[in-house]
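Novice: There's a structure below that I have some questions on.
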Amino acid sequence: MTGQRANLPPLSLHVPEPRFRPGDEADFSDVEVPPAGATRRPDTAAPADSFHELAYGLIRVLDESGQAVGPWAPRLDADAKRRMLRAMALTRAFDERMFRAQRQGKTSFYMKSTGEEAVSIGAAMALAGDDMCFPSYRQQGILITRGYPLVAMMNQIYSNKGDPLQGRQLPIMYSSKETGFFSISGNLATQYPQAVGWAMASAAKGDSRIAATWCGEGSTAEGDFHSACTFASVYRAPVILNIVNNQWAISSFSGFAGAEATTFAARAIGYGIAGLRVDGNDALAVYAAMDWAAERARTNQGPTLIEHFTYRAEGHSTSDDPTAYRSAGEPNAWPLGDPIRRLKDHLIAIGEWDEERHQAQDLELAETVKAAQKEAEKNGILGHGMHQPFDSMFEGVFEEMPWHLKEQSQQMLDEQKAAGL
Amino acid sequence: MTGQRANLPPLSLHVPEPRFRPGDEADFSDVEVPPAGATRRPDTAAPADSFHELAYGLIRVLDESGQAVGPWAPRLDADAKRRMLRAMALTRAFDERMFRAQRQGKTSFYMKSTGEEAVSIGAAMALAGDDMCFPSYRQQGILITRGYPLVAMMNQIYSNKGDPLQGRQLPIMYSSKETGFFSISGNLATQYPQAVGWAMASAAKGDSRIAATWCGEGSTAEGDFHSACTFASVYRAPVILNIVNNQWAISSFSGFAGAEATTFAARAIGYGIAGLRVDGNDALAVYAAMDWAAERARTNQGPTLIEHFTYRAEGHSTSDDPTAYRSAGEPNAWPLGDPIRRLKDHLIAIGEWDEERHQAQDLELAETVKAAQKEAEKNGILGHGMHQPFDSMFEGVFEEMPWHLKEQSQQMLDEQKAAGL
Amino acid sequence: MTDDNQTTARMNMIQAINSAMDVMMERDPDVVVMGEDVGFFGGVFRATAGLQAKYGKTRAFDTPITEIGIIGVAIGMGAYGLRPVPEIQFADYIYPALDQLVSEAARLRYRSAADFIAPITVRSPYGGGIFGGQTHSQSPEGIFTHVSGIKTVIPSTPYDAKGLLIAAIEDNDPTLFLEPKRIYNGPFDGHYDRPSRNWSAHPAGEVPTGYYRIPLGKAATVRSGEAVTILCYGTMVHVVANTVEEMGVDAEIIDLRTLVPLDIEAIEESVKKTGRCLIVHEATRTGGFGAELSALVQERCFYHLEAPIERVTGFDTPYPHSLEWAYFPGPVRIGTALKKILKD
Amino acid sequence: MTDDNQTTARMNMIQAINSAMDVMMERDPDVVVMGEDVGFFGGVFRATAGLQAKYGKTRAFDTPITEIGIIGVAIGMGAYGLRPVPEIQFADYIYPALDQLVSEAARLRYRSAADFIAPITVRSPYGGGIFGGQTHSQSPEGIFTHVSGIKTVIPSTPYDAKGLLIAAIEDNDPTLFLEPKRIYNGPFDGHYDRPSRNWSAHPAGEVPTGYYRIPLGKAATVRSGEAVTILCYGTMVHVVANTVEEMGVDAEIIDLRTLVPLDIEAIEESVKKTGRCLIVHEATRTGGFGAELSALVQERCFYHLEAPIERVTGFDTPYPHSLEWAYFPGPVRIGTALKKILKD
Ligand SMILES: Cc1ncc(C[n+]2csc(CCOP(=O)(O)OP(=O)(O)O)c2C)c(N)n1
Ligand SMILES: Cc1ncc(C[n+]2csc(CCOP(=O)(O)OP(=O)(O)O)c2C)c(N)n1
Ligand SMILES: [Mg+2]
Ligand SMILES: [Mg+2]
């Protein structure tokens with residue numbers, strides 16, 4: 001054969017390493033933050049390959065002085081913005097309380113969305129109420145925005161007798177068809193092709209509802225993500241594919257999902273679909289991007305993939321301590337700020353909000369959450385008593401219970417009884 | 001909620017449709033074929049994001065007059081080019097003969113690579129002999145280029161007693177570690193992450209050997225493809241990821257893999273890795289692209305993804321008739337021509353070949369293949385007699401045969417004996 | 001469950017399967033078929049031939065080659081309210097979709113407390129006997145019968161195939177419908193060296209042209225007998241029936257038709273009558289569905305058993321290309337086992 | 001198989017597993033560990049803690065979150081000549097990798113006539129008892145024991161875990177090494193409402209610090225007895241042992257340790273002695289490995305059996321979060337089955 005090998009240095013394997021580890025001082029001063037308002041907003045009918053640069057930039061609306069600027073600034077009235085702020089603050093209050101409940105041994109597990117509230121709430125505000133969401137486990141903000149009862153959420157978290165999912169699912173794995181919120185899976189990214197399928201069905205039926213789905217940047221590596229993007233591209237499905245790039249996947253930084261090489265929004269370019277990269281801590285930018293993508297979907301322009309660039313301000317879940325693998329200073333050093341503070345500052349800057357009202361609202365929301373918790377705990381907490389009849393375990397595996405489950409159920413009941421349980 | 005739904009037309013589902021179906025006249029006159037030599041050749045150390053346009057163009061070397069032109073024209077002497085031509089012609093002759101053997105009932109299955117010979121042979125010429133190939137089922141040209149014995153290939157196809165794979169695999173699922181040719185799988189795209197793993201191992205060990213892999217454009221939809229690209233990007237693996245875009249996947253045209261939306265080379269951009277799109281019927285262009293990618297890999301610049309734009313001139317395999325789903329005229333109307341004819345014309349144009357020699361070579365190769373076939377058939381053909389001892393079936397499931405396989409083996413032998421077989 | 005007085009026609013198993021989808025697509029606009037090459041071409045085995053021409057591209061369509069995607073998208077469509085019938089081109093290629101099938105389709109109803117369901121019917125040709133080598137011959141049913149929340153159906157005749165497929169499509173649970181490809185064109189007696197037959201001569205090749213159902217979970221007694229009960233399904237039903245006939249054994253042959261949920265009553269009743277039991281399947285032995293059958297029979301009929309329950313199955317090796325007929329559980333192996341059971 | 005006179009130390013199962021990898025990475029530069037969060041962080045259960053610091057990033061590294069990729073890449077590394085030990089974070093997440101495991105790792109040696117091999121050891125925590133809900137509690141061993149070409153190993157103590165893991169890493173065949181996460185920290189007697197114990201009080205928590213092997217395919221007799229044989233593995237070994245003790249039954253308890261290849265001799269010998277057999281596992285019942293065990297025992301010990309073989313297993317439902325302890329095959333269920341077996 002030809003291919004004479006040149007006298008080359010040996011190969012070496014590159015293994016990514018985050019910039020800061022425990023003990024390091026986090027310094028993001030070199031992170032380029034493009035100015036708010038600087039990104040162009042293509043027509044929603046523009047071909048996907050006419051705005052590739054949007055996959056590499058960062059759509060930002062809120063500037064340093066709290067003003068909403070540029071072509072992406074959404075036409076949202078102050079009421080809507082206050083509702084948005086409120087949903088974000090409520091989500092945070094809810095997270096705080098439920099995290100604490102887990103620490104108090106009232107349930108097995110919890111996951112906060114702290115610092116990422118804008119991603120789900122900005123999105124939920126931009127979608128129609130009957131659009132279908134296929135979330136991952138960190139979009140509780142959608143349920144809260146859509147008015148799903150806090151008590152029902154807590155009942156699920158406690159797996160108690162009020163749990164709509166009958167104690168079957170790990171805490172926070174909500175499901176509410178009525179709310180347009182698909183059953184959350186423990187298996188990452190499986191919801192992605194499902195969302196595309198739902199959207200394809202809606203399109204095939206000449207419906208007007210669209211679908212949206214979310215996954216973390218780490219989860220984009222799963223095969224399901226790729227299948228979904230391929231299907232979405234091929235059939236021009238009316239779906240919005242959201243990547244929540246909070247820069248961490250448990251202990252693995254985004255470099256292990258490919259962030260050293262390019263943005264996650266650039267995946268869209270690979271499939272020839274529309275791609276946006278958005279400041280995920282800017283609720284108005286998230287809203288605007290979702291609104292734009294929804295219009296594309298509704299007008300048969302096909303799918304949009306949106307990278308929401310944000311930061312996971314706390315641990316992955318109640319099961320980990322983030323200071324074991326990243327600099328303790330990162331959350332505060334992160335330059336894109338806190339989404340709640342930024343929207344609040346905006347409302348104050350435009351004269352539609354003030355510190356007093358904010359504090360009052362925080363107090364009120366804390367009370368609301370506390371009251372809901374009290375209510376929910378009336379239905380029980382995990383591990384303290386059996387909240388579902390034993391044999392409920394056998395229901396719902398199939399629509400009709402087959403003989404073998406009936407038998408197993410009966411045998412269990414008999415045994416429990418014989419044992420005096 | 002906000003999100004007032006505008007008064008929009010109903011959604012509709014786009015289902016791709018190829019341009020020509022049986023009965024249609026295939027007309028590719030509007031297919032834009034960029035002139036040979038027009039594409040720039042970046043330095044092999046150039047960053048992957050500095051030549052995105054190469055993923056949308058078409059690297060071509062051989063021009064209409066048979067000259068090798070432009071920056072990608074490889075420095076290959078006439079001998080090497082003649083070896084290349086010979087390997088291509090031999091591959092075609094082999095395919096013809098084995099296809100016929102299947103039709104004659106001598107084996108169960110065969111797959112030709114007609115029209116795509118340049119993709120595997122141009123590649124094999126550019127790689128070092130000890131670089132590791134992870135092919136799909138249509139790269140028999142690699143084995144032939146590397147001098148693997150035709151008789152051994154045929155023995156495999158016949159599952160006869162000379163079969164190096166002991167009759168265990170479907171015809172054409174070759175394996176030869178010595179030849180740097182990984183065991184072909186029946187399951188599409190599984191070789192992609194394996195190739196990346198091999199390359200990562202080579203890099204981790206400070207070796208100098210690189211890996212290359214191939215899959216069809218249809219197979220790029222598999223999750224394995226995505227996993228492989230992600231791993232390759234993250235660890236900058238010294239691997240060349242080849243997509244053979246022959247425009248058909250059994251009966252499904254490339255639109256069902258996403259070709260309506262963008263090129264397959266553009267997938268590279270999505271992962272932030274180097275991407276090239278090459279005229280797959282131009283053996284010199286394939287060689288040049290592989291050579292460039294190999295140099296990148298060997299100098300720790302990481303992976304390159306190459307789309308080889310070609311055309312599957314015949315059926316998918318012996319199991320289908322392509323005129324049932326595409327225009328019978330397509331293969332001839334296809335504008336990029338036949339790879340063998342094009343390289344032959346080039347060699348003639350530069351005065352290094354002539355029609356007589358070509359015809360003589362064709363005759364000689366046909367004889368070579370015929371002789372090999374005669375030789376191979378001495379070892380038997382499929383279905384005529386048992387070519388492997390019955391109990392060989394139980395060997396090689398594990399390194400050492402466990403008791404249950406020993407028992408099954410013994411029982412089978414006893415039963416066969418009792419039945420007088 | 002049949003429309004009365006409907007006409008019948010001679011069908012092979014492919015045609016019967018095609019007819020089931022045709023009938024259901026006609027009756028229910030929410031039924032869609034999809035998969036690799038199933039659209040214009042009508043499937044590599046022609047099972048969906050003509051459906052795209054009749055029902056349009058949004059109801060019968062080709063898909064990208066990603067089994068994850070095919071099943072994941074079908075689940076999403078099911079959640080929307082459609083009743084998708086995805087095809088996996090060969091059962092050997094179902095593994096990439098396993099997570100979507102096991103963690104999603106099979107679990108959706110349960111985990112959402114029936115808020116969402118996945119009423120999908122996954123069709124896939126399975127089994128050996130066509131010289132397909134190790135990746136076109138597998139029988140993976142044993143993987144799915146272990147998964148709670150999914151039904152597994154395997155027909156053995158054109159008549160059953162149509163009736164069962166209609167029932168599966170109408171079922172609100174995810175169903176794996178495995179099609180024994182060796183008998184697509186005709187019943188197979190296990191003698192690969194004899195001329196092949198087609199369904200035209202077989203009574204179950206006479207198939208109603210319209211709608212009818214065969215309920216899931218009900219076995220069929222293919223032959224009544226007193227000497228031994230033989231449990232089998234798919235291709236093996238015919239191999240068993242022929243072997244029994246050749247040997248002149250008074251066996252009761254039960255064609256399970258549905259593996260989950262299983263017709264345990266039929267099994268129990270028969271084994272209690274015969275006192276002996278043989279289980280035959282093509283899948284590899286260890287941990288195959290035969291193990292479950294053996295365990296169940298033993299648990300329920302222990303005091304009626306006069307001889308050990310035997311299993312004749314594929315060996316615990318991949319399906320070898322050239323030794324296909326040594327691997328295939330044919331008349332010799334079944335016959336030997338029968339003799340052994342009857343001797344004791 | 002042990003270095004003589006080596007020192008021992010108190011280890012829980014995580015530490016023993018960590019030590020096995022440490023020892024092997026020290027001895028063999030081709031051993032690499034990889035998986036989601038296994039690098040810097042040392043794994044969500046800390047099984048790989050310290051290995052990256054000691055052996056560097058190219059031998060212990062984090063991976064993208066794609067199980068297809070983790071196994072596919074490990075196979076390629078194995079083909080190169082390394083001996084990869086990939087971790088799947090929870091066994092519930094192994095399904096996306098099924099095709100790479102079944103169609104590739106398990107088949108590579110066979111289909112290439114040993115031209116290429118996949119000497120990989122896939123580690124994964126499995127089983128319930130930690131309130132993990134349905135996607136952090138599964139026991140999928142029954143899917144893999146049905147697949148020819150892959151070995152399945154499940155330890156029940158720190159001592160066994162280390163010795164078996166070393167043997168698995170040295171083995172040239174692909175091995176699935178399932179780690180019973182409920183007993184990572186201590187043996188579990190099945191009474192979830194009693195204080196948990198840790199390995200420090202258990203003899204098998206004393207583990208040699210250096211190299212030793214426990215051969216694959218050999219079961220351990222945890223308790224000798226005459227009344228009944230109990231076949232079990234992983235967490236259930238301890239639950240069974242404790243139940244037997246509480247009930248005062250003279251049971252022979254066999255810890256299978258390796259499911260494929262199985263120690264059939266130990267099983268046969270024991271059942272022929274006791275005439276009775278109970279099988280216990282946590283996985284769902286239908287088509288679980290218990291079915292295979294039951295079938296094998298029945299086939300080989302039929303004339304010695306004095307009562308039906310019983311199975312106590314997980315139910316055929318997903319693992320429910322709140323009713324975890326009703327699902328878990330605990331002392332009540334095991335006790336009831338024992339009484340039934342002994343009564344007959
Ligand atoms: C298929 C699968 N593999 C692995 C896991 C374990 N796991 C749960 S969350 C997680 C990290 C996900 O990170 P990312 O996608 O970035 O989402 P984030 O938690 O940051 O929102 C992992 C690896 C899982 N749940 N499912
Ligand atoms: C996992 C898997 N799914 C489906 C198939 C069936 N199949 C074999 S070849 C093929 C088409 C592949 O097309 P492409 O990737 O374009 O390669 P080409 O045949 O054109 O070279 C299909 C669907 C398979 N072998 N494996
Ligand atoms: Mg993340
Ligand atoms: Mg192709």
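If you're wondering about the labels, chains in the structure tokens are A, B, ... by order shown, residues count from 1 in each chain, ligands from 1 in order shown.
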As a PyMOL selection string, please: every protein or nucleic acid residue near ligand 3 (cut-off 8 Å, counting only C-alpha atoms and all ligand atoms).

Specialist: chain A and resi 216-219+244-250+253-254+312

Novice: Give me, as a ChimeraX atom specification, the residues of chain C touching chain D, with the criterion being at most 7 Å (counting only C-alpha atoms).

Specialist: /C:95-96,98-99,142-143,145-146,148,286-289,291-292,294-295,298-299,302,308-310,316-318

Novice: Once you have the residues from the selection above, write them out as an mmCIF file, in the first residue's frame, restricted to N, CA and C atoms.

Specialist:
data_model
loop_
_atom_site.group_PDB
_atom_site.id
_atom_site.type_symbol
_atom_site.label_atom_id
_atom_site.label_comp_id
_atom_site.auth_asym_id
_atom_site.auth_seq_id
_atom_site.Cartn_x
_atom_site.Cartn_y
_atom_site.Cartn_z
ATOM 1 N N TYR C 95 -33.007 -4.346 19.059
ATOM 2 C CA TYR C 95 -32.233 -3.991 20.252
ATOM 3 C C TYR C 95 -31.961 -2.495 20.393
ATOM 4 N N PRO C 96 -31.653 -1.776 19.309
ATOM 5 C CA PRO C 96 -31.429 -0.334 19.519
ATOM 6 C C PRO C 96 -32.657 0.359 20.121
ATOM 7 N N LEU C 98 -34.581 -0.927 22.377
ATOM 8 C CA LEU C 98 -35.014 -1.584 23.608
ATOM 9 C C LEU C 98 -35.376 -0.610 24.718
ATOM 10 N N ASP C 99 -34.588 0.431 24.843
ATOM 11 C CA ASP C 99 -34.887 1.386 25.915
ATOM 12 C C ASP C 99 -36.249 2.032 25.699
ATOM 13 N N GLY C 142 -37.960 -13.842 24.221
ATOM 14 C CA GLY C 142 -37.673 -14.059 25.637
ATOM 15 C C GLY C 142 -37.215 -12.807 26.363
ATOM 16 N N ILE C 143 -36.702 -11.863 25.623
ATOM 17 C CA ILE C 143 -36.319 -10.595 26.250
ATOM 18 C C ILE C 143 -37.566 -9.803 26.625
ATOM 19 N N THR C 145 -40.790 -10.999 26.960
ATOM 20 C CA THR C 145 -41.718 -11.642 27.888
ATOM 21 C C THR C 145 -41.282 -11.410 29.340
ATOM 22 N N HIS C 146 -40.055 -11.017 29.524
ATOM 23 C CA HIS C 146 -39.553 -10.716 30.879
ATOM 24 C C HIS C 146 -39.896 -9.290 31.306
ATOM 25 N N SER C 148 -42.337 -6.347 32.175
ATOM 26 C CA SER C 148 -43.734 -6.110 32.531
ATOM 27 C C SER C 148 -44.278 -4.924 31.744
ATOM 28 N N THR C 286 -31.152 -21.039 27.109
ATOM 29 C CA THR C 286 -31.014 -20.498 28.462
ATOM 30 C C THR C 286 -31.823 -19.207 28.619
ATOM 31 N N GLY C 287 -32.728 -19.221 29.563
ATOM 32 C CA GLY C 287 -33.529 -18.029 29.807
ATOM 33 C C GLY C 287 -34.535 -17.716 28.719
ATOM 34 N N GLY C 288 -34.780 -18.674 27.824
ATOM 35 C CA GLY C 288 -35.803 -18.472 26.804
ATOM 36 C C GLY C 288 -37.196 -18.576 27.404
ATOM 37 N N PHE C 289 -38.212 -18.312 26.592
ATOM 38 C CA PHE C 289 -39.565 -18.379 27.140
ATOM 39 C C PHE C 289 -39.908 -19.799 27.573
ATOM 40 N N ALA C 291 -38.171 -21.655 29.380
ATOM 41 C CA ALA C 291 -37.833 -21.796 30.800
ATOM 42 C C ALA C 291 -39.026 -21.379 31.650
ATOM 43 N N GLU C 292 -39.644 -20.274 31.263
ATOM 44 C CA GLU C 292 -40.814 -19.821 32.009
ATOM 45 C C GLU C 292 -41.941 -20.849 31.904
ATOM 46 N N SER C 294 -41.684 -24.005 31.387
ATOM 47 C CA SER C 294 -41.304 -25.172 32.186
ATOM 48 C C SER C 294 -41.555 -24.908 33.665
ATOM 49 N N ALA C 295 -41.132 -23.732 34.122
ATOM 50 C CA ALA C 295 -41.317 -23.397 35.537
ATOM 51 C C ALA C 295 -42.799 -23.370 35.891
ATOM 52 N N GLN C 298 -44.315 -26.910 35.912
ATOM 53 C CA GLN C 298 -43.806 -27.620 37.079
ATOM 54 C C GLN C 298 -44.501 -27.148 38.343
ATOM 55 N N GLU C 299 -44.659 -25.825 38.459
ATOM 56 C CA GLU C 299 -45.294 -25.280 39.656
ATOM 57 C C GLU C 299 -46.754 -25.696 39.776
ATOM 58 N N PHE C 302 -47.156 -30.199 39.125
ATOM 59 C CA PHE C 302 -46.111 -31.066 39.679
ATOM 60 C C PHE C 302 -46.611 -32.469 39.953
ATOM 61 N N PRO C 308 -39.984 -35.838 33.315
ATOM 62 C CA PRO C 308 -39.507 -34.460 33.322
ATOM 63 C C PRO C 308 -40.021 -33.692 32.097
ATOM 64 N N ILE C 309 -40.307 -32.451 32.313
ATOM 65 C CA ILE C 309 -40.646 -31.565 31.193
ATOM 66 C C ILE C 309 -39.368 -31.385 30.372
ATOM 67 N N GLU C 310 -39.509 -31.485 29.080
ATOM 68 C CA GLU C 310 -38.335 -31.317 28.214
ATOM 69 C C GLU C 310 -38.452 -30.023 27.407
ATOM 70 N N ASP C 316 -27.575 -22.473 22.575
ATOM 71 C CA ASP C 316 -27.067 -21.218 23.154
ATOM 72 C C ASP C 316 -25.856 -20.695 22.384
ATOM 73 N N THR C 317 -26.085 -20.512 21.110
ATOM 74 C CA THR C 317 -25.065 -19.936 20.234
ATOM 75 C C THR C 317 -25.783 -18.963 19.301
ATOM 76 N N PRO C 318 -25.045 -18.090 18.650
ATOM 77 C CA PRO C 318 -25.689 -17.324 17.582
ATOM 78 C C PRO C 318 -26.188 -18.283 16.502
#

Novice: Using only C-alpha atoms for the distances, tell me which of A:Ala313, A:Leu363, A:Cys229, A:Ile142 is nearest to chain C.

Specialist: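 Checking each candidate against chain C, we get A:Cys229 as the closest.
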
Novice: Quick check for you: according to DSSP on this backbone, which residues of stretch 30-218 of chain A are classed as strand (DSSP E or B)? Reply as an NGL selection string.

Specialist: :A and (59 or 62 or 68 or 132-134 or 176 or 181 or 211-216)

Novice: Do you have the atom CA of A:Pro16-atom CA of A:His316 distance handy?

Specialist: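 Interatomic distance, atom CA of A:Pro16 to atom CA of A:His316: 20.0 Å.
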
Novice: Rounded to one decimal, what separation in Å do you get between atom CA of B:Tyr192 and atom CA of D:Gly43?

Specialist: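 We find that atom CA of B:Tyr192 and atom CA of D:Gly43 lie 26.3 Å from each other.
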
Novice: Which is closest to chain D among B:Trp198, B:Tyr325, B:Tyr235, B:Phe309, if we use only C-alpha atoms?

Specialist: B:Trp198

Novice: Within 12 Å of C:Val228, counting only C-alpha atoms, which residues show up once you throw out same-chain ones fewer than 4 positions away? Write them as a PyMOL selection string, please.

Specialist: chain C and resi 223-224+244+249-254+267+269-279+304-310+337-344

Novice: Considering only C-alpha atoms and all ligand atoms, can you say which of D:Ala113, D:Gly132, D:Gly50, D:Glu104 comes closest to ligand 2?

Specialist: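 Under the stated criterion, the closest residue is D:Glu104.
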
Novice: Please check the contacts: residues of chain B at most 7 Å away from chain C, using only C-alpha atoms, listed as a PyMOL selection string.

Specialist: chain B and resi 13+15+108+159+167-170+186-187+218-219+221-223+251-252+256-257+325+382+390+393-394+397+405+408+415+419

Novice: Please dump the current selection as a CSV table (one decimal), in the first residue's frame; keep N, CA, C and O atoms.

Specialist:
chain,number,residue,atom,x,y,z
B,13,LEU,N,-48.0,17.6,7.6
B,13,LEU,CA,-46.8,16.8,7.8
B,13,LEU,C,-46.1,16.6,6.4
B,13,LEU,O,-46.7,16.2,5.5
B,15,VAL,N,-43.8,14.6,4.2
B,15,VAL,CA,-43.1,13.3,4.0
B,15,VAL,C,-42.3,13.4,2.7
B,15,VAL,O,-42.9,13.6,1.6
B,108,SER,N,-26.3,-17.7,-0.4
B,108,SER,CA,-27.6,-17.2,0.0
B,108,SER,C,-27.8,-15.7,-0.3
B,108,SER,O,-28.9,-15.2,-0.3
B,159,SER,N,-19.5,-19.9,2.6
B,159,SER,CA,-19.5,-20.6,3.9
B,159,SER,C,-19.0,-22.0,3.8
B,159,SER,O,-19.5,-22.9,4.4
B,167,GLY,N,-18.1,-20.5,8.4
B,167,GLY,CA,-19.5,-20.6,8.0
B,167,GLY,C,-20.5,-19.9,8.9
B,167,GLY,O,-21.7,-20.1,8.8
B,168,ARG,N,-20.0,-19.2,9.9
B,168,ARG,CA,-20.9,-18.6,10.9
B,168,ARG,C,-21.6,-17.3,10.4
B,168,ARG,O,-22.6,-17.0,11.0
B,169,GLN,N,-21.0,-16.6,9.4
B,169,GLN,CA,-21.5,-15.3,9.1
B,169,GLN,C,-22.2,-15.3,7.7
B,169,GLN,O,-21.8,-16.1,6.8
B,170,LEU,N,-23.2,-14.5,7.6
B,170,LEU,CA,-23.8,-14.2,6.3
B,170,LEU,C,-22.7,-13.8,5.3
B,170,LEU,O,-21.7,-13.2,5.7
B,186,GLY,N,-24.0,-7.2,11.0
B,186,GLY,CA,-25.3,-7.1,10.3
B,186,GLY,C,-26.1,-5.9,10.8
B,186,GLY,O,-27.0,-5.4,10.2
B,187,ASN,N,-25.7,-5.4,12.0
B,187,ASN,CA,-26.4,-4.3,12.6
B,187,ASN,C,-25.8,-3.0,12.2
B,187,ASN,O,-24.6,-2.7,12.5
B,218,GLY,N,-27.9,6.3,4.9
B,218,GLY,CA,-29.1,5.9,5.6
B,218,GLY,C,-28.8,5.6,7.1
B,218,GLY,O,-29.6,5.9,8.0
B,219,SER,N,-27.7,5.0,7.3
B,219,SER,CA,-27.3,4.5,8.6
B,219,SER,C,-26.9,5.6,9.5
B,219,SER,O,-26.8,5.4,10.7
B,221,ALA,N,-28.6,7.8,10.6
B,221,ALA,CA,-29.7,8.1,11.5
B,221,ALA,C,-29.6,7.3,12.8
B,221,ALA,O,-30.3,7.7,13.8
B,222,GLU,N,-28.9,6.2,12.8
B,222,GLU,CA,-28.8,5.4,14.0
B,222,GLU,C,-28.1,6.2,15.2
B,222,GLU,O,-27.2,7.0,15.0
B,223,GLY,N,-28.5,5.8,16.4
B,223,GLY,CA,-27.9,6.5,17.5
B,223,GLY,C,-26.4,6.2,17.6
B,223,GLY,O,-25.7,7.1,18.1
B,251,SER,N,-34.8,0.8,-0.3
B,251,SER,CA,-35.8,1.5,-1.2
B,251,SER,C,-36.0,3.0,-0.8
B,251,SER,O,-36.7,3.7,-1.4
B,252,SER,N,-35.3,3.4,0.3
B,252,SER,CA,-35.5,4.7,0.8
B,252,SER,C,-34.5,5.7,0.3
B,252,SER,O,-33.3,5.4,0.5
B,256,PHE,N,-34.9,10.5,3.5
B,256,PHE,CA,-35.3,9.9,4.7
B,256,PHE,C,-34.2,9.9,5.8
B,256,PHE,O,-34.4,9.5,6.9
B,257,ALA,N,-33.0,10.2,5.3
B,257,ALA,CA,-31.9,10.4,6.3
B,257,ALA,C,-31.6,11.8,6.6
B,257,ALA,O,-30.7,12.2,7.3
B,325,TYR,N,-38.7,0.7,-7.1
B,325,TYR,CA,-38.9,1.9,-6.3
B,325,TYR,C,-38.2,3.1,-6.9
B,325,TYR,O,-38.3,4.2,-6.3
B,382,LEU,N,-22.4,-23.2,-0.5
B,382,LEU,CA,-23.4,-23.2,0.5
B,382,LEU,C,-24.5,-24.2,0.2
B,382,LEU,O,-25.1,-24.2,-0.9
B,390,PHE,N,-20.6,-30.4,12.6
B,390,PHE,CA,-21.7,-29.9,13.4
B,390,PHE,C,-21.3,-29.2,14.7
B,390,PHE,O,-21.8,-28.1,15.0
B,393,MET,N,-20.2,-25.5,15.6
B,393,MET,CA,-21.2,-24.5,16.0
B,393,MET,C,-21.1,-24.0,17.4
B,393,MET,O,-21.5,-22.8,17.7
B,394,PHE,N,-20.6,-24.8,18.3
B,394,PHE,CA,-20.6,-24.5,19.7
B,394,PHE,C,-19.3,-23.8,20.1
B,394,PHE,O,-19.2,-23.4,21.2
B,397,VAL,N,-18.2,-19.4,21.1
B,397,VAL,CA,-19.2,-18.5,21.8
B,397,VAL,C,-18.5,-17.8,23.0
B,397,VAL,O,-18.6,-16.6,23.2
B,405,LEU,N,-22.9,-25.6,26.9
B,405,LEU,CA,-22.6,-25.7,25.5
B,405,LEU,C,-22.0,-27.1,25.2
B,405,LEU,O,-22.4,-27.7,24.2
B,408,GLN,N,-25.0,-29.4,25.2
B,408,GLN,CA,-25.8,-29.2,24.0
B,408,GLN,C,-25.1,-29.8,22.8
B,408,GLN,O,-25.8,-30.5,21.9
B,415,GLU,N,-27.9,-37.3,19.1
B,415,GLU,CA,-29.1,-37.4,18.3
B,415,GLU,C,-28.9,-37.6,16.8
B,415,GLU,O,-29.6,-38.3,16.2
B,419,ALA,N,-30.1,-40.8,14.8
B,419,ALA,CA,-31.0,-40.7,13.6
B,419,ALA,C,-30.3,-41.1,12.3
B,419,ALA,O,-30.8,-41.0,11.3

Novice: Excluding same-chain residues fewer than 5 positions from A:Trp72, what lies within 12 Å of it counting only C-alpha atoms, as number ranges by chain?

Specialist: A: 36-43, 58-62, 276, 278-279, 282-292

Novice: May I ask you to extract the residues of chain B within 7 Å of chain A, using only C-alpha atoms, and to give them as a count of residues only?

Specialist: 52
